[in-house]
Every structure is written in structure tokens, then in C-alpha cells.
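Pasted below: structure.tsv, TSV, C-alpha atoms.
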chain	number	residue	atom	x	y	z
A	382	MET	CA	-5.30	-52.92	-4.31
A	383	PHE	CA	-8.34	-51.51	-2.50
A	384	PRO	CA	-11.03	-53.48	-0.61
A	385	TRP	CA	-13.73	-52.59	-3.11
A	386	ASN	CA	-11.71	-53.93	-6.05
A	387	TYR	CA	-12.40	-57.41	-7.38
A	388	GLY	CA	-9.80	-59.90	-6.25
A	389	PHE	CA	-8.63	-57.90	-3.23
A	390	HIS	CA	-7.04	-59.92	-0.42
A	391	TRP	CA	-5.86	-58.81	2.95
A	392	THR	CA	-2.14	-59.38	3.32
A	393	PRO	CA	0.54	-57.81	5.51
A	394	GLY	CA	1.60	-55.71	2.53
A	395	THR	CA	-1.90	-54.41	1.81
A	396	ILE	CA	-2.45	-53.64	5.48
A	397	LEU	CA	0.74	-51.57	5.58
A	398	PHE	CA	-0.21	-49.83	2.33
A	399	MET	CA	-3.77	-49.04	3.45
A	400	GLY	CA	-2.54	-47.75	6.80
A	401	ALA	CA	-0.02	-45.39	5.15
A	402	PHE	CA	-2.54	-44.29	2.51
A	403	TYR	CA	-5.25	-43.35	4.98
A	404	ALA	CA	-2.73	-41.73	7.33
A	405	VAL	CA	-1.71	-39.41	4.49
A	406	LEU	CA	-5.36	-38.63	3.78
A	407	VAL	CA	-5.96	-37.79	7.44
A	408	VAL	CA	-2.91	-35.47	7.52
A	409	ILE	CA	-4.03	-33.67	4.34
A	410	ALA	CA	-7.60	-33.30	5.62
A	411	ALA	CA	-6.39	-32.02	9.00
A	412	THR	CA	-4.10	-29.51	7.29
A	413	LEU	CA	-6.93	-28.21	5.09
A	414	VAL	CA	-9.30	-27.93	8.05
A	415	LYS	CA	-6.66	-26.11	10.10
A	416	ALA	CA	-5.89	-23.69	7.24
A	417	GLY	CA	-9.60	-23.03	6.70
A	418	TRP	CA	-10.14	-22.38	10.39
A	419	ARG	CA	-7.20	-19.98	10.52
A	420	GLY	CA	-8.48	-18.13	7.45
A	421	TRP	CA	-11.98	-17.84	8.94
A	422	ARG	CA	-10.51	-16.67	12.27
A	423	ASP	CA	-8.33	-14.04	10.62
A	424	LEU	CA	-11.23	-12.74	8.55
A	425	ARG	CA	-13.42	-12.59	11.65
A	426	LEU	CA	-10.67	-10.69	13.46
A	427	GLN	CA	-10.31	-8.33	10.46
A	428	LYS	CA	-6.77	-9.44	9.64
A	429	ALA	CA	-7.43	-9.90	5.92
A	430	ASP	CA	-6.02	-6.47	5.03
A	431	ALA	CA	-2.84	-7.12	6.99
A	432	ILE	CA	-2.34	-10.50	5.33
A	433	ARG	CA	-2.94	-9.07	1.87
A	434	TRP	CA	-0.52	-6.19	2.50
A	435	TYR	CA	2.18	-8.56	3.75
A	436	VAL	CA	1.90	-10.63	0.58
A	437	ASP	CA	1.76	-7.57	-1.71
A	438	PHE	CA	4.75	-5.94	-0.01
A	439	HIS	CA	6.97	-8.96	-0.53
A	440	ASP	CA	5.84	-9.17	-4.16
A	441	LEU	CA	7.05	-5.61	-4.83
A	442	PRO	CA	10.37	-5.24	-6.70
A	443	ALA	CA	13.34	-4.70	-4.38
A	444	GLN	CA	13.72	-1.03	-5.35
A	445	ASP	CA	10.11	-0.39	-4.30
A	446	ARG	CA	10.79	-1.82	-0.84
A	447	ALA	CA	13.55	0.68	-0.11
A	448	CYS	CA	13.77	2.02	3.44
A	449	ARG	CA	12.64	5.63	3.74
A	450	HIS	CA	16.09	6.49	5.11
A	451	GLU	CA	17.73	5.10	1.99
A	452	ILE	CA	15.49	7.29	-0.16
A	453	THR	CA	16.51	10.43	1.75
A	454	GLY	CA	20.19	9.51	1.61
A	455	GLU	CA	20.58	8.95	5.35
A	456	THR	CA	21.88	5.43	4.74
A	457	GLY	CA	23.08	3.28	1.88
A	458	ASN	CA	21.29	0.34	0.27
A	459	ARG	CA	18.71	-0.77	2.84
A	460	LYS	CA	15.47	-2.59	2.13
A	461	CYS	CA	12.67	-2.25	4.65
A	462	PRO	CA	12.35	-5.46	6.69
A	463	HIS	CA	9.06	-4.42	8.30
A	464	ALA	CA	6.63	-3.77	5.39
A	465	PHE	CA	6.96	0.00	5.94
A	466	ASP	CA	5.84	-0.29	9.56
A	467	CYS	CA	8.40	1.95	11.27
A	468	ARG	CA	6.70	1.38	14.63
A	469	VAL	CA	8.51	-1.93	15.01
A	470	CYS	CA	11.83	-0.83	13.51
A	471	GLU	CA	14.73	-0.45	15.95
A	472	ALA	CA	16.75	1.63	13.48
A	473	HIS	CA	14.07	4.24	12.68
A	474	PRO	CA	14.26	6.20	15.99
A	475	LYS	CA	18.05	6.35	15.66
A	476	PHE	CA	17.84	7.87	12.20
A	477	VAL	CA	15.27	10.43	13.39
A	478	ALA	CA	17.38	11.37	16.42
A	479	ALA	CA	20.38	12.01	14.16
A	480	LEU	CA	18.56	14.54	11.95
A	481	PRO	CA	19.77	18.17	12.17
A	482	PRO	CA	16.99	20.38	13.63
A	483	GLU	CA	17.02	22.79	10.68
A	484	LEU	CA	16.03	19.97	8.31
A	485	THR	CA	12.61	19.58	9.91
A	486	THR	CA	11.84	23.29	10.42
A	487	LEU	CA	8.61	24.16	8.62
A	488	ALA	CA	10.01	27.45	7.37
A	489	THR	CA	12.71	25.61	5.38
A	490	LEU	CA	10.48	22.93	3.85
A	491	GLU	CA	9.62	22.97	0.17
A	492	GLU	CA	5.93	22.67	-0.58
A	493	GLU	CA	6.33	22.12	-4.32
A	494	VAL	CA	8.12	19.44	-6.33
A	495	PHE	CA	8.37	20.06	-10.07
A	496	GLY	CA	5.28	22.21	-10.04
A	497	MET	CA	3.25	19.81	-7.87
A	498	PRO	CA	2.05	21.00	-4.45
A	499	PHE	CA	2.90	18.93	-1.37
A	500	PRO	CA	1.78	21.05	1.62
A	501	ALA	CA	3.91	20.78	4.75
A	502	ASP	CA	0.88	20.75	7.06
A	503	ARG	CA	0.27	17.04	6.49
A	504	LEU	CA	1.95	13.63	6.43
A	505	TYR	CA	2.28	11.31	3.45
A	506	HIS	CA	1.82	7.60	2.83
A	507	ARG	CA	4.01	5.85	0.28
A	508	GLY	CA	0.87	4.73	-1.55
A	509	HIS	CA	0.35	8.43	-2.48
A	510	THR	CA	-2.21	9.51	0.04
A	511	TRP	CA	-1.89	12.25	2.66
A	512	VAL	CA	-3.19	12.71	6.19
A	513	LYS	CA	-3.95	15.97	7.95
A	514	ALA	CA	-4.87	16.13	11.63
A	515	GLU	CA	-7.83	18.43	12.35
A	516	ASN	CA	-8.64	20.40	15.51
A	517	ASP	CA	-11.68	18.22	16.24
A	518	GLY	CA	-9.50	15.09	16.51
A	519	THR	CA	-10.43	13.66	13.12
A	520	LEU	CA	-8.06	13.02	10.24
A	521	THR	CA	-8.60	14.25	6.71
A	522	VAL	CA	-7.32	11.87	4.04
A	523	GLY	CA	-6.79	12.55	0.35
A	524	MET	CA	-4.73	11.53	-2.67
A	525	ASP	CA	-1.52	13.46	-3.27
A	526	GLU	CA	-0.81	15.41	-6.44
A	527	LEU	CA	1.35	12.80	-8.14
A	528	GLY	CA	-1.32	10.16	-7.58
A	529	LYS	CA	-3.98	12.46	-9.02
A	530	ARG	CA	-1.92	13.18	-12.12
A	531	LEU	CA	-1.06	9.55	-12.68
A	532	ILE	CA	-4.76	8.62	-12.77
A	533	GLY	CA	-6.18	11.84	-14.18
A	534	PRO	CA	-9.94	12.44	-14.11
A	535	PRO	CA	-11.40	9.11	-12.89
A	536	GLU	CA	-14.29	7.30	-14.51
A	537	ARG	CA	-15.59	6.27	-11.10
A	538	VAL	CA	-14.60	6.60	-7.45
A	539	GLU	CA	-15.83	4.07	-4.90
A	540	LEU	CA	-15.55	5.54	-1.39
A	541	PRO	CA	-16.23	3.47	1.73
A	542	PRO	CA	-19.47	4.07	3.68
A	543	GLU	CA	-19.52	5.96	6.95
A	544	GLY	CA	-18.76	3.60	9.81
A	545	LYS	CA	-16.37	1.51	7.73
A	546	ARG	CA	-13.25	0.51	9.67
A	547	LEU	CA	-10.02	1.13	7.79
A	548	HIS	CA	-6.73	-0.62	8.37
A	549	ALA	CA	-3.40	0.94	7.47
A	550	ASN	CA	-2.19	-0.44	4.12
A	551	GLY	CA	-5.62	-1.98	3.50
A	552	THR	CA	-7.97	-0.64	0.83
A	553	ALA	CA	-9.23	2.86	1.60
A	554	TRP	CA	-11.12	3.46	-1.63
A	555	LYS	CA	-11.08	2.41	-5.29
A	556	VAL	CA	-10.71	4.40	-8.47
A	557	ARG	CA	-11.64	3.19	-11.94
A	558	LYS	CA	-9.91	4.51	-15.06
A	559	ARG	CA	-9.50	3.05	-18.55
A	560	GLY	CA	-11.43	-0.01	-17.39
A	561	ILE	CA	-8.84	-0.71	-14.67
A	562	GLU	CA	-9.54	-0.63	-10.93
A	563	VAL	CA	-6.88	1.01	-8.78
A	564	ARG	CA	-6.87	0.28	-5.04
A	565	VAL	CA	-5.81	3.26	-2.96
A	566	LEU	CA	-4.28	2.16	0.33
A	567	SER	CA	-5.32	3.60	3.66
A	568	PRO	CA	-2.58	5.56	5.44
A	569	VAL	CA	-4.20	5.11	8.87
A	570	ASP	CA	-6.22	2.85	11.15
A	571	GLY	CA	-9.63	4.25	12.02
A	572	VAL	CA	-13.32	4.59	11.25
A	573	VAL	CA	-14.76	6.62	8.38
A	574	VAL	CA	-16.97	9.45	9.66
A	575	ALA	CA	-17.48	11.38	6.39
A	576	THR	CA	-16.69	11.18	2.67
A	577	GLY	CA	-15.84	13.96	0.27
A	578	ALA	CA	-17.69	15.12	-2.82
A	579	PRO	CA	-16.15	15.07	-6.32
A	580	GLN	CA	-15.30	18.78	-6.11
A	581	ASP	CA	-13.47	18.39	-2.78
A	582	ASP	CA	-9.69	17.98	-2.59
A	583	TRP	CA	-10.08	15.35	0.14
A	584	CYS	CA	-11.73	11.94	0.15
A	585	LEU	CA	-12.28	10.80	3.74
A	586	LYS	CA	-12.66	12.04	7.30
A	587	VAL	CA	-11.48	9.38	9.73
A	588	LYS	CA	-11.69	8.98	13.48
A	589	PRO	CA	-8.28	7.48	14.34
A	590	ALA	CA	-8.04	4.18	16.16
A	591	GLY	CA	-6.99	4.71	19.75
A	592	GLY	CA	-8.11	8.33	19.63
A	593	ALA	CA	-4.91	9.73	18.10
A	594	LEU	CA	-2.84	9.37	14.95
A	595	ASP	CA	0.18	7.08	15.17
A	596	ASP	CA	2.33	8.82	12.58
A	597	ARG	CA	5.52	6.76	12.78
A	598	ARG	CA	4.86	4.91	9.52
A	599	LEU	CA	4.07	8.08	7.56
A	600	LEU	CA	6.51	10.27	5.64
A	601	ARG	CA	7.17	13.75	6.98
A	602	PRO	CA	7.42	16.83	4.77
A	603	TYR	CA	11.23	16.85	4.69
A	604	GLU	CA	11.16	13.33	3.18
A	605	VAL	CA	8.70	14.15	0.42
A	606	ARG	CA	11.03	15.59	-2.22
A	607	SER	CA	13.40	12.58	-2.32
A	608	TRP	CA	10.46	10.16	-2.40
A	609	ILE	CA	8.59	11.99	-5.16
A	610	MET	CA	11.75	12.40	-7.23
A	611	ARG	CA	12.22	8.63	-7.15
A	612	ASP	CA	8.66	7.97	-8.33
A	613	LEU	CA	8.94	10.64	-11.02
A	614	GLU	CA	12.06	8.93	-12.32
A	615	ARG	CA	10.15	5.65	-12.46
A	616	ILE	CA	7.36	7.30	-14.45
A	617	GLN	CA	9.84	8.79	-16.91
A	618	MET	CA	11.63	5.46	-17.39
A	619	THR	CA	8.41	3.57	-18.15
A	620	VAL	CA	7.61	2.83	-21.78
A	621	GLY	CA	6.87	6.05	-23.65
A	622	GLY	CA	7.61	8.22	-20.64
A	623	SER	CA	10.96	9.87	-21.41
A	624	GLN	CA	9.25	13.08	-22.54
A	625	ALA	CA	5.61	12.14	-23.15
A	626	SER	CA	4.54	12.53	-19.54
A	627	LEU	CA	6.12	15.96	-19.18
A	628	ALA	CA	4.42	19.16	-20.20
A	629	ASP	CA	6.40	22.27	-21.16
A	630	GLY	CA	8.81	23.26	-18.40
A	631	GLY	CA	9.29	19.70	-17.11
A	632	VAL	CA	6.04	19.59	-15.12
A	633	LEU	CA	4.14	16.30	-14.99
A	634	LEU	CA	1.03	16.21	-17.18
A	635	GLU	CA	-2.36	16.63	-15.54
A	636	ASP	CA	-3.38	13.19	-16.86
A	637	VAL	CA	-0.44	10.82	-17.32
A	638	SER	CA	-2.78	7.98	-18.33
A	639	GLU	CA	-3.39	9.65	-21.69
A	640	VAL	CA	0.16	9.09	-22.92
A	641	TYR	CA	0.76	5.48	-21.83
A	642	PRO	CA	-0.34	2.24	-23.47
A	643	LYS	CA	-2.95	0.63	-21.24
A	644	ALA	CA	-0.83	-2.35	-20.17
A	645	GLU	CA	2.19	-0.23	-19.19
A	646	TRP	CA	-0.02	2.30	-17.38
A	647	ASP	CA	-1.74	-0.49	-15.44
A	648	ASP	CA	1.63	-1.88	-14.36
A	649	LEU	CA	2.86	1.59	-13.41
A	650	CYS	CA	-0.24	2.21	-11.24
A	651	GLY	CA	0.32	-1.09	-9.48
A	652	ARG	CA	3.87	-0.15	-8.54
A	653	VAL	CA	3.19	3.48	-7.62
A	654	PHE	CA	0.11	2.61	-5.54
A	655	LEU	CA	1.91	-0.40	-3.99
A	656	HIS	CA	-0.17	-3.33	-5.15
A	657	PRO	CA	1.76	-5.48	-7.66
Could I get this file's structure written as C-alpha cells?
Amino acid sequence: MFPWNYGFHWTPGTILFMGAFYAVLVVIAATLVKAGWRGWRDLRLQKADAIRWYVDFHDLPAQDRACRHEITGETGNRKCPHAFDCRVCEAHPKFVAALPPELTTLATLEEEVFGMPFPADRLYHRGHTWVKAENDGTLTVGMDELGKRLIGPPERVELPPEGKRLHANGTAWKVRKRGIEVRVLSPVDGVVVATGAPQDDWCLKVKPAGGALDDRRLLRPYEVRSWIMRDLERIQMTVGGSQASLADGGVLLEDVSEVYPKAEWDDLCGRVFLHP
């Protein structure tokens, strides 16, 4: 069949076969080279985080891809078509414009949900981090209260070095608990200028890309209660969670990881922190 085989003879049939065979090989090789070049280019252009987030987002269950305006009851069943990037959503500005002014007044906002503080002086990422703009132009970033209670006291926290460039929905830092590594997603684009100490309630200080925070993809204080209530319901519905994760008075335990089997807790962290 091939020239190096004993008894091979060139015939019209073998010529056609060899031509088709090597044409397929050339196409496969060209495809692999092209894919490798694109991967190298995207890594060089720091697009790896965006690619990973796109894949992770579409791997999330449908209920975890719900539009923020569905969660708050502003619309019916609507799944986000933009991977939570409201900057490119045509519908988002219309929903915001239709909000009654009293809904967004700081004086009327709740800063506590089932005993957990969610201060109204900051914005929230659906991966359970928060962002607070400071007077010096930097952004303070930390993990919200539900995220802290889900993980409990960590075994290890791996913060990025100063000068590290963060990409929204890319990895901001990593937390290790029960032998499992949890990736905490960055709520913003920017460069790390300082990191917190274990006793601090914040994790990072970030200089925002472009000099200012683009907050359109972040949840505002009036959206927090509906969002947290949904995640609390998920925690309660997980194996062993109907009452085990609640302390007296219906308040979430300080360390939810203590009452869940490891496998179920790992899966729950993946869904709550948005990396399936």
C-alpha cells in the first residue's frame, strides 16, 4: 500500500490514494500549527483568563447563569448571554433606567442578610468578592461574608504579588481548605499594588485599568439581598444542608465546610465561586 512496503507498485489507484492520504495529513498538521499559534498568541496577549472564563461560564448549570435582572425579579426567566459582562448588554441600561429612584437610595438599603454584613459602600461580584473605591484612586478588594463562611478559616491563602495584572473573572487569589484549592475570581481589571495581612478584612489593593473602575458588570447594593438569598437556598439544598449549615436563629454557620462531606462541599464551592 505504501512505497516502503514490499511489493508496492505505482498504479493510478495508489497515486490517488497517496495523494488523498498526504493531503489529509497536511490539513491536520496545518490545523494543529494554526491552533498552537493562536494559543501562543492569546497567552502572549494575556487572553488566557478570558478564554478560561468563557469556557467555565458555559459549563455552569443554567440556573447559575441567570441574568442579574431575573434574580432581582425585574424580568422573568432570562439567562445571561454575555458571561456576566453587562458592558456589552443592550438590555442592561434599559433595566437600570426603569428602576424607581427610592430603590437605589443608600438610606433604604439593607446592609445585613440573615445576620451577614454586606455594606452598601461597595460593589459585589457574583463570585463573592467585593470592591470598594478609595479616595486615592485605588480599589480595595475582599471576599464577601458568605464566601468567608462557606470556606471558613483557610489552611492557606495564595495572594498575587505586587505588580501582578488581574483580569476580571480571571484568578485573583487562591484559597486552600480541606486539601481543595478554591480559585477566587477577580472582580476588576487592574494591577495589584498591595496585599492584605491575615488579620485584615481585605485581600488586595488594585490600581484599576484605565484609571477608573468600570462598574457595569458588578452588583449594586440593592441587588445583593436577592442574589445572596438565591445562593443561601442552594447551600441549604445541598446534601446535609437543610439545617446543618444554620446556627441557632437561622444564621449561616461561621464555617460551613465543617458540616459537609468533602465531595459535596467541593462541588458547592465550585458553583458558588463560579468555576465548575
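Atom to atom, CA of Arg611 in chain A and CA of Glu483 in chain A stand 23.3 Å apart.
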Give the centre and edge lengths of an axis-aligned box, in Å to one decimal, that holds all listed atoms of range 454-463 of chain A with 3 Å on each side, as lines of an AutoDock Vina configuration file.
center_x = 16.1
center_y = 2.0
center_z = 4.3
size_x = 20.0
size_y = 21.0
size_z = 14.0
Which value, in Å to one decimal, gives the distance between CA of Ala464 in chain A and CA of Trp434 in chain A?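 A separation of 8.1 Å between them.
Taking all atoms listed in the file into account, Phe465 in chain A lies nearest to A:Pro568 out of the set A:Pro568, A:Gly400, A:Gly496, A:Gly533.
Of note, CA of Thr453 in chain A and CA of Val653 in chain A are spaced 17.7 Å apart.
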Residue nearest Glu539 in chain A among A:Leu504, A:Leu585, A:Ala447, A:Leu613 (counting all atoms listed in the file):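 Of A:Leu504, A:Leu585, A:Ala447, A:Leu613, the one nearest Glu539 in chain A is A:Leu585, counting all atoms listed in the file.
Closest approach to Pro542 in chain A from the set A:Pro657, A:Pro481, A:Gly592, A:Gly577 is made by A:Gly577, with distances taken over only C-alpha atoms.
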Could you check the closest approach to Cys470 in chain A for each of A:Arg507, A:Arg597, A:Arg615, A:Lys555 and tell me which residue wins, using only C-alpha atoms? A:Arg597
Distance query Asp612 in chain A at most 12 Å, all atoms listed in the file, self and fewer than 3 positions along chain excluded, as a VMD selection string: chain A and resid 444 to 445 452 494 507 to 509 527 to 528 531 605 to 609 615 to 619 633 649 to 650 652 to 655
Those selected residues, please, written with C-alpha atoms and delivered as a compact mmCIF listing (two decimals), in the frame of the given file.
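Printed below is result_37.txt as written:
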# COMPACT_ATOMS: atom_id res chain seq x y z
CA GLN A 444 13.72 -1.03 -5.35
CA ASP A 445 10.11 -0.39 -4.30
CA ILE A 452 15.49 7.29 -0.16
CA VAL A 494 8.12 19.44 -6.33
CA ARG A 507 4.01 5.85 0.28
CA GLY A 508 0.87 4.73 -1.55
CA HIS A 509 0.35 8.43 -2.48
CA LEU A 527 1.35 12.80 -8.14
CA GLY A 528 -1.32 10.16 -7.58
CA LEU A 531 -1.06 9.55 -12.68
CA VAL A 605 8.70 14.15 0.42
CA ARG A 606 11.03 15.59 -2.22
CA SER A 607 13.40 12.58 -2.32
CA TRP A 608 10.46 10.16 -2.40
CA ILE A 609 8.59 11.99 -5.16
CA ARG A 615 10.15 5.65 -12.46
CA ILE A 616 7.36 7.30 -14.45
CA GLN A 617 9.84 8.79 -16.91
CA MET A 618 11.63 5.46 -17.39
CA THR A 619 8.41 3.57 -18.15
CA LEU A 633 4.14 16.30 -14.99
CA LEU A 649 2.86 1.59 -13.41
CA CYS A 650 -0.24 2.21 -11.24
CA ARG A 652 3.87 -0.15 -8.54
CA VAL A 653 3.19 3.48 -7.62
CA PHE A 654 0.11 2.61 -5.54
CA LEU A 655 1.91 -0.40 -3.99
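Among the candidates A:Lys529, A:His656, A:His450, A:His473, the one nearest to Arg564 in chain A when counting all atoms listed in the file is A:His656.
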A:Val632, A:Val574, A:Val512, A:Leu397: which is nearest Arg546 in chain A, counting all atoms listed in the file?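 Of A:Val632, A:Val574, A:Val512, A:Leu397, the one nearest Arg546 in chain A, counting all atoms listed in the file, is A:Val574.
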